[in-house]
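**Student:** Just dropping this structure here.
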Amino acid sequence: MKSTRKILAVLMCIMVTVMSGVSVYGSDEAAGAEYYGLLKEGVGTESPEAVPAKEEYTIGVLLPMLANAHFTAEAYGFESEGEALGVNTIIWDCGGYAYFDKQLTQMEDLIAMDVDAIILVAADPDACVATIDKAFDAGIPVINVNVMANSDKVMKIRSNDSDIGALEAERLGELMGGKGNVLMVRGTAGTSWAIGRGDGFIAYMEENYPDINILAELWCANEVDAAMQQVEDAIMAYGDEIDAVYAPGENTIKGAVLALKAAGMNDVYAVSCDPADDTIAMLQEGSVNASVVQFSVGLGQWGMRAAVNILNGDASDLYQTYYATLNVVDTENVDDFEFVGISKAPDGWSLAQ
């Protein structure tokens, strides 16, 4: 039934466009590529208004992967908010950052289907630019959520990755007493989150803790095994010189901690971001000392709200960029922090097929 509604919505949009020449958007003012010029300059830090859809819109959502708790929480935000606002959602993932070409094909498919808007969590920041241009020229707004594309034709809803890195550096600097050596597991090369968080970490350390030294910066796929191998190699090279480890996400910190435990290095400090069940357990046992919590569910909700506002003709009420809320959990508050609805989907939730 749900799939049938989506198909009918797409066909209705195409028929209206072809037969009458009237925009499928809420008003001519917000139609097509013009919407971006209506957005307010600056940065919003509170959610776009949650308003019901004026028409039966179909909004396509593209994610890098769903086999990741952070993106699963985002998907929950997209789907639940779409349902609440009365829109049809199509949510696809491409299976990982390495398969960005599949995401490009998916985006081409959404353009061909003439969906009303596309929400993009970019698998590759550069490869998607030409396809974003196609959507822009076709009059389909693109809202870029969480993982950024190198395009000036998208509205952006994200976490401030530089701030995430700085928060990790602040906690680690305090734990280390302002001196020592840090091994950085930076994550997937080329992604906005890996670059922004790592650069923010380094900048904060240089300004506030000049006696803390970066031993090495290790780039690897966002996978547990890849991070574990990198840290194992670093342990061979640096041994007891490693006083602390920085990681930008769940998989990288899991791999790092597993390598440290295998080497018997249980006194090394560790900080990260996006704690899922395994990292939460590591926080509880003390093998991870602190983790930044993104508003993963909220990123999905905010992205869907922004799309509906644009389609309703209210783009002028929105900012060009939004930064979502960040929290920090550590060994002291982890048991009291409510992850569900912030960084986790409800237990038992799965994406509707």
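In the structure tokens, chains take the letters A, B, ... in the order shown, each chain's residues start at 1, and ligands count up from 1 in the order shown.
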Give the helix (DSSP H, G or I) residues of region 252-295 of chain A, as assigned by DSSP on the backbone, as a list in words.
**Tutor:**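 Taking region 252-295 of chain A and keeping helix (DSSP H, G or I) only, one gets Thr252, Ile253, Lys254, Gly255, Ala256, Val257, Leu258, Ala259, Leu260, Lys261, Ala262, Asp277, Asp278, Thr279, Ile280, Ala281, Met282, Leu283, Gln284 and Glu285 of chain A.
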**Student:** Let's have the selection written as a JSON list (two decimals), in the first residue's frame, with N, CA and C atoms.
**Tutor:**
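After the write, part.json holds the following:
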```json
[["chain", "number", "residue", "atom", "x", "y", "z"],
["A", 252, "THR", "N", 35.56, 3.56, 14.00],
["A", 252, "THR", "CA", 36.99, 3.83, 14.19],
["A", 252, "THR", "C", 37.41, 3.66, 15.65],
["A", 253, "ILE", "N", 36.56, 4.08, 16.59],
["A", 253, "ILE", "CA", 36.95, 3.92, 17.99],
["A", 253, "ILE", "C", 36.88, 2.45, 18.40],
["A", 254, "LYS", "N", 35.93, 1.71, 17.87],
["A", 254, "LYS", "CA", 35.86, 0.28, 18.18],
["A", 254, "LYS", "C", 37.13, -0.43, 17.72],
["A", 255, "GLY", "N", 37.55, -0.15, 16.49],
["A", 255, "GLY", "CA", 38.76, -0.77, 15.98],
["A", 255, "GLY", "C", 39.98, -0.38, 16.79],
["A", 256, "ALA", "N", 40.06, 0.89, 17.17],
["A", 256, "ALA", "CA", 41.21, 1.37, 17.95],
["A", 256, "ALA", "C", 41.27, 0.71, 19.31],
["A", 257, "VAL", "N", 40.14, 0.65, 20.00],
["A", 257, "VAL", "CA", 40.12, 0.07, 21.35],
["A", 257, "VAL", "C", 40.43, -1.43, 21.30],
["A", 258, "LEU", "N", 39.91, -2.13, 20.31],
["A", 258, "LEU", "CA", 40.21, -3.55, 20.18],
["A", 258, "LEU", "C", 41.71, -3.78, 20.00],
["A", 259, "ALA", "N", 42.35, -2.93, 19.20],
["A", 259, "ALA", "CA", 43.80, -3.06, 19.00],
["A", 259, "ALA", "C", 44.57, -2.76, 20.28],
["A", 260, "LEU", "N", 44.14, -1.73, 21.02],
["A", 260, "LEU", "CA", 44.80, -1.37, 22.27],
["A", 260, "LEU", "C", 44.65, -2.49, 23.30],
["A", 261, "LYS", "N", 43.45, -3.06, 23.41],
["A", 261, "LYS", "CA", 43.22, -4.14, 24.36],
["A", 261, "LYS", "C", 44.08, -5.35, 24.02],
["A", 262, "ALA", "N", 44.17, -5.69, 22.73],
["A", 262, "ALA", "CA", 44.96, -6.84, 22.32],
["A", 262, "ALA", "C", 46.44, -6.66, 22.66],
["A", 277, "ASP", "N", 25.77, 1.13, 20.58],
["A", 277, "ASP", "CA", 25.74, 0.21, 21.72],
["A", 277, "ASP", "C", 27.14, -0.22, 22.17],
["A", 278, "ASP", "N", 28.02, -0.55, 21.22],
["A", 278, "ASP", "CA", 29.35, -1.02, 21.60],
["A", 278, "ASP", "C", 30.16, 0.07, 22.28],
["A", 279, "THR", "N", 30.10, 1.31, 21.74],
["A", 279, "THR", "CA", 30.85, 2.40, 22.37],
["A", 279, "THR", "C", 30.26, 2.77, 23.71],
["A", 280, "ILE", "N", 28.94, 2.70, 23.83],
["A", 280, "ILE", "CA", 28.31, 2.96, 25.13],
["A", 280, "ILE", "C", 28.83, 1.97, 26.17],
["A", 281, "ALA", "N", 28.95, 0.70, 25.78],
["A", 281, "ALA", "CA", 29.51, -0.30, 26.70],
["A", 281, "ALA", "C", 30.96, 0.02, 27.05],
["A", 282, "MET", "N", 31.72, 0.52, 26.07],
["A", 282, "MET", "CA", 33.11, 0.89, 26.32],
["A", 282, "MET", "C", 33.21, 2.10, 27.25],
["A", 283, "LEU", "N", 32.27, 3.02, 27.12],
["A", 283, "LEU", "CA", 32.21, 4.15, 28.06],
["A", 283, "LEU", "C", 31.91, 3.66, 29.47],
["A", 284, "GLN", "N", 31.01, 2.72, 29.57],
["A", 284, "GLN", "CA", 30.63, 2.20, 30.89],
["A", 284, "GLN", "C", 31.78, 1.45, 31.55],
["A", 285, "GLU", "N", 32.60, 0.77, 30.75],
["A", 285, "GLU", "CA", 33.74, 0.04, 31.32],
["A", 285, "GLU", "C", 34.98, 0.91, 31.45]]
```
**Student:** Taking the backbone alone, and naming residues the way the document does, which bits of region 157-345 of chain A are strand (DSSP E or B) by DSSP, as a PyMOL selection string?
**Tutor:** chain A and resi 157-158+180-187+212-219+244-246+269-273+290-294+319-323+326-330+340+344
**Student:** Using only C-alpha atoms, find the one residue out of A:Ile195, A:Ala138, A:Ala69, A:Val185 that sits nearest to Asp114 (chain A).
**Tutor:** A:Ala138
**Student:** Given only C-alpha atoms as the basis, pick out the residue of A:Thr89, A:Ser192, A:Thr105, A:Gln320 nearest to Ala122 (chain A).
**Tutor:** A:Ser192
**Student:** Please provide the set of residues having any atom within 9 Å of Ala98 (chain A), restricted to only C-alpha atoms, with same-chain residues fewer than 4 positions apart removed, written as a PDB file with C-alpha atoms, in the first residue's frame.
**Tutor:**
```
ATOM      1  CA  PRO A  64      25.692   6.312   2.275  1.00  0.00           C
ATOM      2  CA  CYS A  94      24.277   2.813  -1.491  1.00  0.00           C
ATOM      3  CA  ALA A 123      28.790   9.386  -0.171  1.00  0.00           C
ATOM      4  CA  ASP A 124      31.430  11.428  -2.016  1.00  0.00           C
ATOM      5  CA  ALA A 221      37.789   3.256   5.701  1.00  0.00           C
TER       6      ALA A 221
END
```
**Student:** Report the distance between CA of Tyr269 (chain A) and CA of Ala203 (chain A) in Å, rounded to one decimal place.
**Tutor:** 19.4 Å
**Student:** Compare A:Glu83, A:Asp274, A:Asp116, A:Asp161 by their minimum atom-to-atom distance to Gly139 (chain A), counting only C-alpha atoms, and give me the closest one.
**Tutor:**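 Once distances to Gly139 (chain A) are computed over only C-alpha atoms, the minimum belongs to A:Asp116.
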**Student:** Quick one: of A:Asp233, A:Glu81, A:Glu168, A:Asp93, who's nearest to Leu66 (chain A), counting only C-alpha atoms?
**Tutor:** A:Asp93
**Student:** Have a look at A:Thr321, A:Ser151, A:Asn160, A:Asn213 and name the one nearest to Asn181 (chain A); count only C-alpha atoms.
**Tutor:**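 Selected residue with least distance to Asn181 (chain A): A:Asn213.
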**Student:** What is the distance between CA of Glu108 (chain A) and CA of Asn222 (chain A), in Å to one decimal?
**Tutor:** 25.7 Å
**Student:** Between A:Asp163, A:Asp211, A:Gly286, A:Leu183, which has the minimum distance to Gly239 (chain A) (counting only C-alpha atoms)?
**Tutor:**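 Between A:Asp163, A:Asp211, A:Gly286, A:Leu183, the residue approaching Gly239 (chain A) most closely is A:Leu183.
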**Student:** How far is it from CA of Pro248 (chain A) to CA of Gly165 (chain A), in Å with one decimal?
**Tutor:**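 If I compute the distance from CA of Pro248 (chain A) to CA of Gly165 (chain A), I get 7.6 Å.
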**Student:** Just want the 8 Å neighbourhood of Gln294 (chain A), counted on only C-alpha atoms, with same-chain residues fewer than 3 positions away dropped. Output as a PyMOL selection string.
**Tutor:** chain A and resi 159+273-274+324-327+342-343
**Student:** Once you count only C-alpha atoms, what closest atom pair and distance in Å to one decimal does each residue of region 115-187 of chain A within 10 Å of region 37-49 of chain A have, with rows by chain and rising residue number, as JSON lines?
**Tutor:**
```
{"residue": "A:Lys153", "atom": "CA", "partner": "A:Gly37", "partner_atom": "CA", "distance": 9.4}
{"residue": "A:Met155", "atom": "CA", "partner": "A:Leu39", "partner_atom": "CA", "distance": 8.3}
{"residue": "A:Lys156", "atom": "CA", "partner": "A:Val43", "partner_atom": "CA", "distance": 9.5}
{"residue": "A:Ile157", "atom": "CA", "partner": "A:Gly44", "partner_atom": "CA", "distance": 9.0}
{"residue": "A:Ser159", "atom": "CA", "partner": "A:Thr45", "partner_atom": "CA", "distance": 9.9}
```
